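A.B. asks: Structure: final_34.cif, mmCIF, C-alpha atoms, pLDDT in the B column; chains and numbers go by the auth columns.
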data_data
loop_
_atom_site.group_PDB
_atom_site.id
_atom_site.type_symbol
_atom_site.label_atom_id
_atom_site.label_comp_id
_atom_site.label_asym_id
_atom_site.label_seq_id
_atom_site.Cartn_x
_atom_site.Cartn_y
_atom_site.Cartn_z
_atom_site.B_iso_or_equiv
_atom_site.auth_seq_id
_atom_site.auth_asym_id
ATOM 1 C CA MET A 1 22.818 -2.802 51.727 74.00 1 A
ATOM 2 C CA ILE A 2 22.775 -2.539 47.929 84.00 2 A
ATOM 3 C CA LYS A 3 26.186 -1.590 46.578 90.00 3 A
ATOM 4 C CA ARG A 4 25.512 -2.037 42.868 95.00 4 A
ATOM 5 C CA ILE A 5 22.597 -2.489 40.486 97.00 5 A
ATOM 6 C CA ASP A 6 22.883 -4.005 37.020 97.00 6 A
ATOM 7 C CA LEU A 7 20.245 -2.798 34.575 98.00 7 A
ATOM 8 C CA PHE A 8 19.337 -5.179 31.759 97.00 8 A
ATOM 9 C CA MET A 9 18.663 -3.545 28.408 94.00 9 A
ATOM 10 C CA PRO A 10 15.562 -5.165 26.872 90.00 10 A
ATOM 11 C CA PRO A 11 15.359 -6.325 23.256 82.00 11 A
ATOM 12 C CA LEU A 12 14.703 -3.384 20.939 76.00 12 A
ATOM 13 C CA GLY A 13 10.964 -3.236 20.270 75.00 13 A
ATOM 14 C CA GLN A 14 9.000 -1.549 17.508 74.00 14 A
ATOM 15 C CA TYR A 15 9.172 1.882 19.125 79.00 15 A
ATOM 16 C CA GLY A 16 12.156 1.410 21.436 88.00 16 A
ATOM 17 C CA VAL A 17 10.184 2.602 24.465 90.00 17 A
ATOM 18 C CA LEU A 18 11.581 0.211 27.086 93.00 18 A
ATOM 19 C CA HIS A 19 15.037 0.649 25.574 93.00 19 A
ATOM 20 C CA HIS A 20 14.738 4.408 26.124 93.00 20 A
ATOM 21 C CA PHE A 21 13.311 4.022 29.642 94.00 21 A
ATOM 22 C CA THR A 22 16.211 1.787 30.639 96.00 22 A
ATOM 23 C CA LYS A 23 18.853 4.148 29.299 95.00 23 A
ATOM 24 C CA LYS A 24 17.325 7.182 31.020 94.00 24 A
ATOM 25 C CA LEU A 25 16.886 5.389 34.354 95.00 25 A
ATOM 26 C CA TYR A 26 20.518 4.301 34.183 96.00 26 A
ATOM 27 C CA GLU A 27 21.584 7.922 33.557 95.00 27 A
ATOM 28 C CA ALA A 28 19.412 9.136 36.453 94.00 28 A
ATOM 29 C CA LEU A 29 20.885 6.565 38.845 94.00 29 A
ATOM 30 C CA MET A 30 24.397 7.549 37.814 95.00 30 A
ATOM 31 C CA ARG A 31 23.623 11.225 38.469 94.00 31 A
ATOM 32 C CA CYS A 32 22.457 10.258 41.952 93.00 32 A
ATOM 33 C CA GLY A 33 25.747 8.495 42.635 94.00 33 A
ATOM 34 C CA VAL A 34 24.345 4.963 42.450 94.00 34 A
ATOM 35 C CA ASN A 35 26.910 2.388 41.361 96.00 35 A
ATOM 36 C CA CYS A 36 25.330 0.609 38.408 96.00 36 A
ATOM 37 C CA ARG A 37 26.028 -0.983 35.042 96.00 37 A
ATOM 38 C CA LEU A 38 23.962 -1.152 31.882 96.00 38 A
ATOM 39 C CA LEU A 39 24.213 -4.638 30.380 95.00 39 A
ATOM 40 C CA GLU A 40 22.848 -5.846 27.066 92.00 40 A
ATOM 41 C CA ALA A 41 22.751 -9.437 25.889 88.00 41 A
ATOM 42 C CA GLU A 42 23.101 -10.240 22.209 85.00 42 A
ATOM 43 C CA ARG A 43 20.531 -12.798 21.148 80.00 43 A
ATOM 44 C CA THR A 44 23.068 -14.763 19.095 83.00 44 A
ATOM 45 C CA ASN A 45 25.975 -14.355 21.516 87.00 45 A
ATOM 46 C CA PRO A 46 24.975 -13.973 25.192 88.00 46 A
ATOM 47 C CA ARG A 47 28.390 -15.069 26.501 92.00 47 A
ATOM 48 C CA PRO A 48 29.886 -11.531 27.011 91.00 48 A
ATOM 49 C CA PHE A 49 26.763 -10.526 28.958 92.00 49 A
ATOM 50 C CA LEU A 50 26.928 -13.604 31.186 92.00 50 A
ATOM 51 C CA THR A 51 30.682 -13.219 31.684 93.00 51 A
ATOM 52 C CA GLN A 52 30.244 -9.638 32.922 93.00 52 A
ATOM 53 C CA LEU A 53 27.442 -10.678 35.223 93.00 53 A
ATOM 54 C CA PHE A 54 29.119 -13.718 36.784 94.00 54 A
ATOM 55 C CA ASN A 55 32.644 -12.284 37.051 94.00 55 A
ATOM 56 C CA ASP A 56 31.401 -9.308 39.045 94.00 56 A
ATOM 57 C CA PRO A 57 27.864 -10.032 40.283 95.00 57 A
ATOM 58 C CA PRO A 58 25.645 -7.138 41.449 96.00 58 A
ATOM 59 C CA ASP A 59 23.494 -7.015 44.552 96.00 59 A
ATOM 60 C CA CYS A 60 20.386 -6.881 42.374 96.00 60 A
ATOM 61 C CA THR A 61 19.358 -6.594 38.748 97.00 61 A
ATOM 62 C CA LEU A 62 16.613 -4.492 37.172 97.00 62 A
ATOM 63 C CA SER A 63 14.643 -4.379 33.958 97.00 63 A
ATOM 64 C CA PHE A 64 11.449 -2.801 32.679 96.00 64 A
ATOM 65 C CA ASN A 65 8.540 -5.264 32.596 95.00 65 A
ATOM 66 C CA GLY A 66 10.772 -7.871 34.221 93.00 66 A
ATOM 67 C CA LEU A 67 12.047 -11.200 32.983 94.00 67 A
ATOM 68 C CA LEU A 68 9.362 -13.840 32.515 93.00 68 A
ATOM 69 C CA PRO A 69 10.287 -17.529 32.899 94.00 69 A
ATOM 70 C CA ASP A 70 11.772 -19.497 30.018 92.00 70 A
ATOM 71 C CA ASN A 71 10.127 -22.415 28.218 90.00 71 A
ATOM 72 C CA GLU A 72 11.037 -24.700 31.119 92.00 72 A
ATOM 73 C CA ASP A 73 9.397 -22.322 33.611 93.00 73 A
ATOM 74 C CA ARG A 74 12.744 -21.201 35.061 95.00 74 A
ATOM 75 C CA PHE A 75 13.419 -17.644 36.163 96.00 75 A
ATOM 76 C CA PHE A 76 16.825 -16.161 35.421 95.00 76 A
ATOM 77 C CA CYS A 77 16.927 -14.585 38.898 96.00 77 A
ATOM 78 C CA ASP A 78 16.363 -18.015 40.477 96.00 78 A
ATOM 79 C CA MET A 79 19.175 -19.541 38.464 95.00 79 A
ATOM 80 C CA ILE A 80 21.715 -16.850 39.408 95.00 80 A
ATOM 81 C CA LYS A 81 20.336 -16.366 42.958 96.00 81 A
ATOM 82 C CA ILE A 82 20.257 -12.564 42.627 96.00 82 A
ATOM 83 C CA PRO A 83 17.113 -10.471 43.316 97.00 83 A
ATOM 84 C CA HIS A 84 15.541 -8.912 40.234 98.00 84 A
ATOM 85 C CA VAL A 85 13.544 -5.660 40.256 97.00 85 A
ATOM 86 C CA ALA A 86 10.794 -5.908 37.633 97.00 86 A
ATOM 87 C CA CYS A 87 9.641 -2.349 36.877 97.00 87 A
ATOM 88 C CA LEU A 88 6.225 -2.877 35.324 96.00 88 A
ATOM 89 C CA VAL A 89 4.882 -0.188 33.022 93.00 89 A
ATOM 90 C CA ASP A 90 2.180 -2.327 31.378 89.00 90 A
ATOM 91 C CA SER A 91 -0.942 -3.900 32.854 88.00 91 A
ATOM 92 C CA PRO A 92 -0.386 -6.324 35.752 88.00 92 A
ATOM 93 C CA ASN A 93 -2.415 -9.143 34.204 86.00 93 A
ATOM 94 C CA HIS A 94 0.371 -9.646 31.647 89.00 94 A
ATOM 95 C CA PHE A 95 2.816 -10.544 34.416 93.00 95 A
ATOM 96 C CA PHE A 96 1.116 -13.140 36.634 91.00 96 A
ATOM 97 C CA PRO A 97 4.097 -15.548 36.406 94.00 97 A
ATOM 98 C CA LEU A 98 6.411 -13.090 38.195 95.00 98 A
ATOM 99 C CA ILE A 99 4.813 -13.895 41.542 94.00 99 A
ATOM 100 C CA ARG A 100 6.137 -17.457 41.369 94.00 100 A
ATOM 101 C CA SER A 101 9.688 -16.372 42.224 96.00 101 A
ATOM 102 C CA SER A 102 10.601 -14.941 45.619 94.00 102 A
ATOM 103 C CA TYR A 103 13.596 -13.292 43.934 97.00 103 A
ATOM 104 C CA ASN A 104 11.287 -11.011 41.925 97.00 104 A
ATOM 105 C CA ILE A 105 10.649 -7.567 43.389 97.00 105 A
ATOM 106 C CA ILE A 106 7.796 -5.970 41.448 97.00 106 A
ATOM 107 C CA THR A 107 7.317 -2.213 41.049 97.00 107 A
ATOM 108 C CA CYS A 108 4.048 -0.788 39.709 95.00 108 A
ATOM 109 C CA VAL A 109 3.105 2.645 38.386 92.00 109 A
ATOM 110 C CA ASP A 110 -0.205 2.733 40.260 88.00 110 A
ATOM 111 C CA ARG A 111 -1.289 1.641 43.717 89.00 111 A
ATOM 112 C CA PHE A 112 -4.081 -0.612 42.465 86.00 112 A
ATOM 113 C CA SER A 113 -1.536 -2.807 40.692 89.00 113 A
ATOM 114 C CA CYS A 114 0.429 -3.062 43.941 92.00 114 A
ATOM 115 C CA ASP A 115 -2.709 -4.222 45.759 88.00 115 A
ATOM 116 C CA PHE A 116 -3.417 -6.603 42.870 86.00 116 A
ATOM 117 C CA PHE A 117 -0.136 -8.487 43.381 91.00 117 A
ATOM 118 C CA LYS A 118 -0.358 -8.344 47.171 90.00 118 A
ATOM 119 C CA GLY A 119 -3.817 -9.870 46.879 84.00 119 A
ATOM 120 C CA MET A 120 -2.115 -12.785 45.128 85.00 120 A
ATOM 121 C CA LYS A 121 0.147 -13.248 48.193 88.00 121 A
ATOM 122 C CA HIS A 122 3.235 -11.625 46.661 91.00 122 A
ATOM 123 C CA GLU A 123 4.527 -9.132 49.199 90.00 123 A
ATOM 124 C CA ASN A 124 7.646 -7.952 47.337 94.00 124 A
ATOM 125 C CA VAL A 125 5.771 -5.124 45.614 96.00 125 A
ATOM 126 C CA ILE A 126 6.699 -1.433 45.554 95.00 126 A
ATOM 127 C CA PHE A 127 4.808 1.593 44.228 96.00 127 A
ATOM 128 C CA MET A 128 7.059 3.427 41.743 94.00 128 A
ATOM 129 C CA PRO A 129 5.195 5.960 39.581 91.00 129 A
ATOM 130 C CA HIS A 130 6.288 7.136 36.160 86.00 130 A
ATOM 131 C CA GLY A 131 9.087 9.697 36.012 84.00 131 A
ATOM 132 C CA VAL A 132 10.209 12.217 33.445 80.00 132 A
ATOM 133 C CA GLU A 133 13.758 12.446 32.181 84.00 133 A
ATOM 134 C CA LYS A 134 15.763 15.460 33.337 82.00 134 A
ATOM 135 C CA ASN A 135 16.401 16.975 29.910 83.00 135 A
ATOM 136 C CA LEU A 136 12.811 16.787 28.704 81.00 136 A
ATOM 137 C CA ASN A 137 11.365 20.301 28.607 81.00 137 A
ATOM 138 C CA PHE A 138 9.349 22.680 26.474 80.00 138 A
ATOM 139 C CA ASN A 139 8.688 26.386 26.127 83.00 139 A
ATOM 140 C CA PRO A 140 5.113 27.109 27.300 84.00 140 A
ATOM 141 C CA GLU A 141 5.141 30.326 25.247 87.00 141 A
ATOM 142 C CA THR A 142 5.492 28.439 21.953 87.00 142 A
ATOM 143 C CA PRO A 143 2.288 28.768 19.864 87.00 143 A
ATOM 144 C CA ARG A 144 0.363 25.522 19.493 85.00 144 A
ATOM 145 C CA ASP A 145 -1.957 24.847 16.564 87.00 145 A
ATOM 146 C CA ILE A 146 -3.343 21.738 18.248 86.00 146 A
ATOM 147 C CA ASP A 147 -4.418 21.750 21.898 83.00 147 A
ATOM 148 C CA LEU A 148 -3.682 18.110 22.590 81.00 148 A
ATOM 149 C CA ILE A 149 -1.950 15.243 20.794 80.00 149 A
ATOM 150 C CA PHE A 150 -2.252 11.633 21.941 76.00 150 A
ATOM 151 C CA LEU A 151 0.184 9.194 20.343 76.00 151 A
ATOM 152 C CA ALA A 152 -1.159 5.652 20.333 78.00 152 A
ATOM 153 C CA SER A 153 -1.910 2.693 18.104 82.00 153 A
ATOM 154 C CA TYR A 154 -5.486 2.296 16.900 85.00 154 A
ATOM 155 C CA ILE A 155 -7.402 -0.548 18.552 91.00 155 A
ATOM 156 C CA ASP A 156 -10.668 -1.686 16.949 94.00 156 A
ATOM 157 C CA TYR A 157 -12.865 -2.142 20.025 95.00 157 A
ATOM 158 C CA GLU A 158 -15.943 -2.895 17.893 95.00 158 A
ATOM 159 C CA LYS A 159 -14.138 -5.860 16.342 96.00 159 A
ATOM 160 C CA ILE A 160 -13.281 -7.122 19.837 96.00 160 A
ATOM 161 C CA ALA A 161 -16.945 -6.841 20.887 96.00 161 A
ATOM 162 C CA ASN A 162 -18.040 -8.757 17.771 96.00 162 A
ATOM 163 C CA GLU A 163 -15.547 -11.509 18.601 96.00 163 A
ATOM 164 C CA TRP A 164 -17.040 -11.746 22.086 96.00 164 A
ATOM 165 C CA LYS A 165 -20.465 -12.438 20.541 95.00 165 A
ATOM 166 C CA LYS A 166 -18.978 -15.412 18.693 94.00 166 A
ATOM 167 C CA LYS A 167 -16.872 -16.739 21.579 92.00 167 A
ATOM 168 C CA TYR A 168 -18.964 -16.167 24.682 92.00 168 A
ATOM 169 C CA SER A 169 -22.497 -16.607 25.965 90.00 169 A
ATOM 170 C CA PRO A 170 -24.899 -13.621 26.132 92.00 170 A
ATOM 171 C CA ALA A 171 -24.491 -13.631 29.923 90.00 171 A
ATOM 172 C CA LEU A 172 -20.695 -13.347 29.725 92.00 172 A
ATOM 173 C CA ASN A 173 -20.980 -10.729 26.976 93.00 173 A
ATOM 174 C CA LYS A 174 -23.109 -8.619 29.291 94.00 174 A
ATOM 175 C CA ILE A 175 -20.588 -9.009 32.105 93.00 175 A
ATOM 176 C CA LEU A 176 -17.724 -7.821 29.890 95.00 176 A
ATOM 177 C CA LEU A 177 -19.627 -4.837 28.463 96.00 177 A
ATOM 178 C CA ASP A 178 -20.897 -3.821 31.908 96.00 178 A
ATOM 179 C CA ALA A 179 -17.368 -4.057 33.328 96.00 179 A
ATOM 180 C CA ALA A 180 -16.034 -1.892 30.499 96.00 180 A
ATOM 181 C CA LYS A 181 -18.730 0.712 31.121 96.00 181 A
ATOM 182 C CA ILE A 182 -18.015 0.845 34.857 96.00 182 A
ATOM 183 C CA SER A 183 -14.286 1.254 34.298 94.00 183 A
ATOM 184 C CA LEU A 184 -14.722 3.923 31.604 94.00 184 A
ATOM 185 C CA LEU A 185 -17.131 5.984 33.705 93.00 185 A
ATOM 186 C CA SER A 186 -15.085 5.805 36.911 90.00 186 A
ATOM 187 C CA SER A 187 -11.764 7.476 37.578 85.00 187 A
ATOM 188 C CA THR A 188 -11.114 5.188 40.546 86.00 188 A
ATOM 189 C CA THR A 189 -12.346 1.733 39.468 88.00 189 A
ATOM 190 C CA SER A 190 -9.896 -0.351 37.453 88.00 190 A
ATOM 191 C CA TYR A 191 -11.024 -2.798 34.784 90.00 191 A
ATOM 192 C CA VAL A 192 -9.937 -5.675 37.053 89.00 192 A
ATOM 193 C CA GLU A 193 -12.133 -4.465 39.911 89.00 193 A
ATOM 194 C CA ALA A 194 -14.984 -3.818 37.482 92.00 194 A
ATOM 195 C CA LEU A 195 -14.822 -7.353 36.063 91.00 195 A
ATOM 196 C CA VAL A 196 -14.726 -8.949 39.516 87.00 196 A
ATOM 197 C CA GLU A 197 -17.699 -6.813 40.588 91.00 197 A
ATOM 198 C CA CYS A 198 -19.767 -7.716 37.514 92.00 198 A
ATOM 199 C CA VAL A 199 -18.967 -11.429 37.788 89.00 199 A
ATOM 200 C CA ARG A 200 -19.944 -11.405 41.457 87.00 200 A
ATOM 201 C CA ASP A 201 -23.157 -9.467 40.814 89.00 201 A
ATOM 202 C CA SER A 202 -24.188 -11.856 38.030 85.00 202 A
ATOM 203 C CA GLY A 203 -24.661 -14.661 40.544 80.00 203 A
ATOM 204 C CA ASN A 204 -24.062 -17.162 37.739 74.00 204 A
ATOM 205 C CA GLU A 205 -22.047 -19.943 39.355 69.00 205 A
ATOM 206 C CA ASP A 206 -21.554 -21.807 36.061 70.00 206 A
ATOM 207 C CA ILE A 207 -19.835 -18.763 34.549 70.00 207 A
ATOM 208 C CA ILE A 208 -17.809 -18.014 37.670 71.00 208 A
ATOM 209 C CA GLN A 209 -16.346 -21.526 37.859 72.00 209 A
ATOM 210 C CA LYS A 210 -15.380 -21.769 34.188 77.00 210 A
ATOM 211 C CA LEU A 211 -13.874 -18.336 33.515 79.00 211 A
ATOM 212 C CA ASP A 212 -10.349 -17.931 32.190 85.00 212 A
ATOM 213 C CA TYR A 213 -9.682 -14.684 34.034 84.00 213 A
ATOM 214 C CA VAL A 214 -6.291 -14.067 32.451 84.00 214 A
ATOM 215 C CA GLU A 215 -7.719 -14.190 28.931 90.00 215 A
ATOM 216 C CA LEU A 216 -10.770 -12.123 29.878 92.00 216 A
ATOM 217 C CA LEU A 217 -8.688 -9.420 31.544 92.00 217 A
ATOM 218 C CA ASP A 218 -6.428 -9.164 28.497 92.00 218 A
ATOM 219 C CA GLU A 219 -9.408 -8.816 26.161 95.00 219 A
ATOM 220 C CA LEU A 220 -11.286 -6.415 28.438 95.00 220 A
ATOM 221 C CA GLU A 221 -8.255 -4.189 28.824 93.00 221 A
ATOM 222 C CA MET A 222 -7.756 -4.073 25.044 94.00 222 A
ATOM 223 C CA TYR A 223 -11.437 -3.237 24.476 96.00 223 A
ATOM 224 C CA ILE A 224 -11.329 -0.399 27.017 95.00 224 A
ATOM 225 C CA ARG A 225 -8.074 0.998 25.640 91.00 225 A
ATOM 226 C CA GLY A 226 -9.545 0.996 22.141 93.00 226 A
ATOM 227 C CA MET A 227 -12.702 2.782 23.235 92.00 227 A
ATOM 228 C CA GLU A 228 -10.813 5.321 25.370 89.00 228 A
ATOM 229 C CA ARG A 229 -8.811 6.440 22.352 84.00 229 A
ATOM 230 C CA VAL A 230 -11.842 7.506 20.339 80.00 230 A
ATOM 231 C CA LEU A 231 -14.098 8.902 23.077 76.00 231 A
#
Output the file's structure as C-alpha cells, nothing else.

C.D. replies:
Amino acid sequence: MIKRIDLFMPPLGQYGVLHHFTKKLYEALMRCGVNCRLLEAERTNPRPFLTQLFNDPPDCTLSFNGLLPDNEDRFFCDMIKIPHVACLVDSPNHFFPLIRSSYNIITCVDRFSCDFFKGMKHENVIFMPHGVEKNLNFNPETPRDIDLIFLASYIDYEKIANEWKKKYSPALNKILLDAAKISLLSSTTSYVEALVECVRDSGNEDIIQKLDYVELLDELEMYIRGMERVL
C-alpha cells in the first residue's frame, strides 16, 4: 500500500515543460487526497534534498522521463532502495537504460511504447496517457483568425537525409527512407515497427548484424518529426 509519493522536480529546461508537468501532477494528486511532496535538488547543494528524502522516506518516487543512471551506471532508485515511477513523455528509444533496474516502474503515453519495453523483458510498465490540467480551458465562441497553430521547433529533415547518404550504404539509406514512409502513411505503425519491418524485408544479413539500432531509431524519429511538421 502506497502511503506517500515524492515527486522530483526536474532541472529547468529551455521551455520548462517537464517542470510544469511535475507541478501540475503534484497539484492534481493533492486534490485527490494523495499524500505527496514536491522535492527539488539544487545542483550545487543537494544536501537539503537528500536530507528530506532520507529523514522521511516515501513509498515511491516519481519524475517525468525518469532518472537515468549516473556516470558509474548506478541508478538513484537502486542506491536508496525505493521504487521510482518514470513517467515517459518522450520516445522510448531514449530510455533503454531504465530497464536495467527492477526498481524502475515505467509509464508510457501510448500502448506501443508499453509493448516496446515489455518486449525487452521489462514487465514493470504501465499505460498512462497524457492529461490536461484542471484550470486549462477556453471559450469556443472566441473568434479565431487561424484555424490551427502547432508549436514546435523546426527540424531540417532534408539535412538528416543528406547526412545518411554520407554515413550509410545505399541499402541502409533505402531501409531508413522506406521505414519513414511507412510510419508517415500509417496511423497505426510506429517508426520502430516500420524500421524492424524494413530491416527484416531487406534480407541483408550483413546490415542486420551490424546495425546500431539505438542510433538509427533516434535519427529516424528525428527525420519523421521534421517531415511531419511541414507536411

A.B. asks: What is the distance between CA of Asp201 (chain A) and CA of His122 (chain A), in Å to one decimal?

C.D. replies: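 Spanning CA of Asp201 (chain A) to CA of His122 (chain A) is a straight-line distance of 27.1 Å.
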
A.B. asks: Excluding Ser202 (chain A) and any residue of its chain fewer than 3 positions from it, enumerate the residues within 8 Å of it, using all atoms listed in the file, and give them as a list in words.

C.D. replies: Ile175, Cys198 and Val199 of chain A

A.B. asks: Would you translate the PyMOL selection byres ((chain A and resi 133) around 9) into the concrete set of residues it matches in this file, as a PyMOL selection string?

C.D. replies: chain A and resi 21+24-25+28+131-132+134-137

A.B. asks: Enumerate, in order of chain and increasing residue number, the residues of region 61-114 of chain A with an atom no farther than 12 Å from region 203-213 of chain A, each with its shortest atom pair and distance in Å to one decimal, counting all atoms listed in the file, as CSV.

C.D. replies:
residue,atom,partner,partner_atom,distance
A:Asn93,CA,A:Tyr213,CA,9.1
A:His94,CA,A:Tyr213,CA,11.5
A:Phe96,CA,A:Tyr213,CA,11.2

A.B. asks: Write out as an mmCIF file with C-alpha atoms, keeping the file's coordinate frame each polymer residue whose atoms come within 10 Å of Ile2 (chain A), counting only C-alpha atoms; drop sequence neighbours fewer than 3 positions from it.

C.D. replies:
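After the write, result-v9.cif holds the following:
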data_model
loop_
_atom_site.group_PDB
_atom_site.id
_atom_site.type_symbol
_atom_site.label_atom_id
_atom_site.label_comp_id
_atom_site.auth_asym_id
_atom_site.auth_seq_id
_atom_site.Cartn_x
_atom_site.Cartn_y
_atom_site.Cartn_z
ATOM 1 C CA ILE A 5 22.597 -2.489 40.486
ATOM 2 C CA VAL A 34 24.345 4.963 42.450
ATOM 3 C CA ASN A 35 26.910 2.388 41.361
ATOM 4 C CA PRO A 58 25.645 -7.138 41.449
ATOM 5 C CA ASP A 59 23.494 -7.015 44.552
ATOM 6 C CA CYS A 60 20.386 -6.881 42.374
#

A.B. asks: Given all atoms listed in the file as the basis, pick out the residue of A:Lys166, A:Arg200, A:Arg225, A:Lys159 nearest to Ser183 (chain A).

C.D. replies: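 Between A:Lys166, A:Arg200, A:Arg225, A:Lys159, the residue approaching Ser183 (chain A) most closely is A:Arg225.
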
A.B. asks: Which residues would end up in the selection if the PyMOL selection byres ((chain A and resi 77) around 12) were applied here, given that I need the answer as a PyMOL selection string?

C.D. replies: chain A and resi 53+57-63+66-70+74-76+78-86+98+100-105

A.B. asks: I need every residue sitting at most 10 Å from the point (-8.0, -4.3, 22.5) (coordinates as in the file, only C-alpha atoms considered), written as an MDAnalysis selection string.

C.D. replies: chainID A and resid 154:161 218:227

A.B. asks: To one decimal place in Å, what is the distance between CA of Tyr26 (chain A) and CA of Asp110 (chain A)?

C.D. replies: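 Interatomic distance here is 21.7 Å.
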
A.B. asks: Quick one: distance from CA of Trp164 (chain A) to CA of Asn65 (chain A) in Å, one decimal?

C.D. replies: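 That distance, rounded to one decimal, is 28.4 Å.
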
A.B. asks: Need the axis-aligned box for region 73-76 of chain A with 5 Å each side, so what are the centre and edges in Å to one decimal, as AutoDock Vina command-line options?

C.D. replies:
--center_x 13.1 --center_y -19.2 --center_z 34.9 --size_x 17.4 --size_y 16.2 --size_z 12.6

A.B. asks: Could you expand the PyMOL selection byres ((chain A and resi 39) around 8) into the explicit residues it covers here, written as a list in words?

C.D. replies: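 Selection result, ordered by chain and number: Asp6, Leu7, Phe8, Met9, Arg37, Leu38, Glu40, Ala41 and Phe49 of chain A.
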
A.B. asks: When you count all atoms listed in the file, which of these residues is closest to Arg4 (chain A): A:Glu197, A:Asp147, A:Asp56, A:Glu163?

C.D. replies: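 Among the listed residues, the smallest separation from Arg4 (chain A) belongs to A:Asp56.
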
A.B. asks: Under the rule that all atoms listed in the file are counted, which of A:Asn71, A:Asn139, A:Ser113, A:Asn173 is the nearest residue to Glu193 (chain A)?

C.D. replies: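 Ranking A:Asn71, A:Asn139, A:Ser113, A:Asn173 by distance to Glu193 (chain A), first place goes to A:Ser113.
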
A.B. asks: Let me make sure I understand: among A:Gln14, A:Thr22, A:Leu176, A:Glu228, which one has the smallest atom-to-atom distance to Val192 (chain A) if we use only C-alpha atoms?

C.D. replies: A:Leu176

A.B. asks: In terms of the shortest atom-to-atom distance over only C-alpha atoms, which of A:Leu29, A:Pro92, A:Ala180, A:Pro97 is closest to Phe116 (chain A)?

C.D. replies: A:Pro92
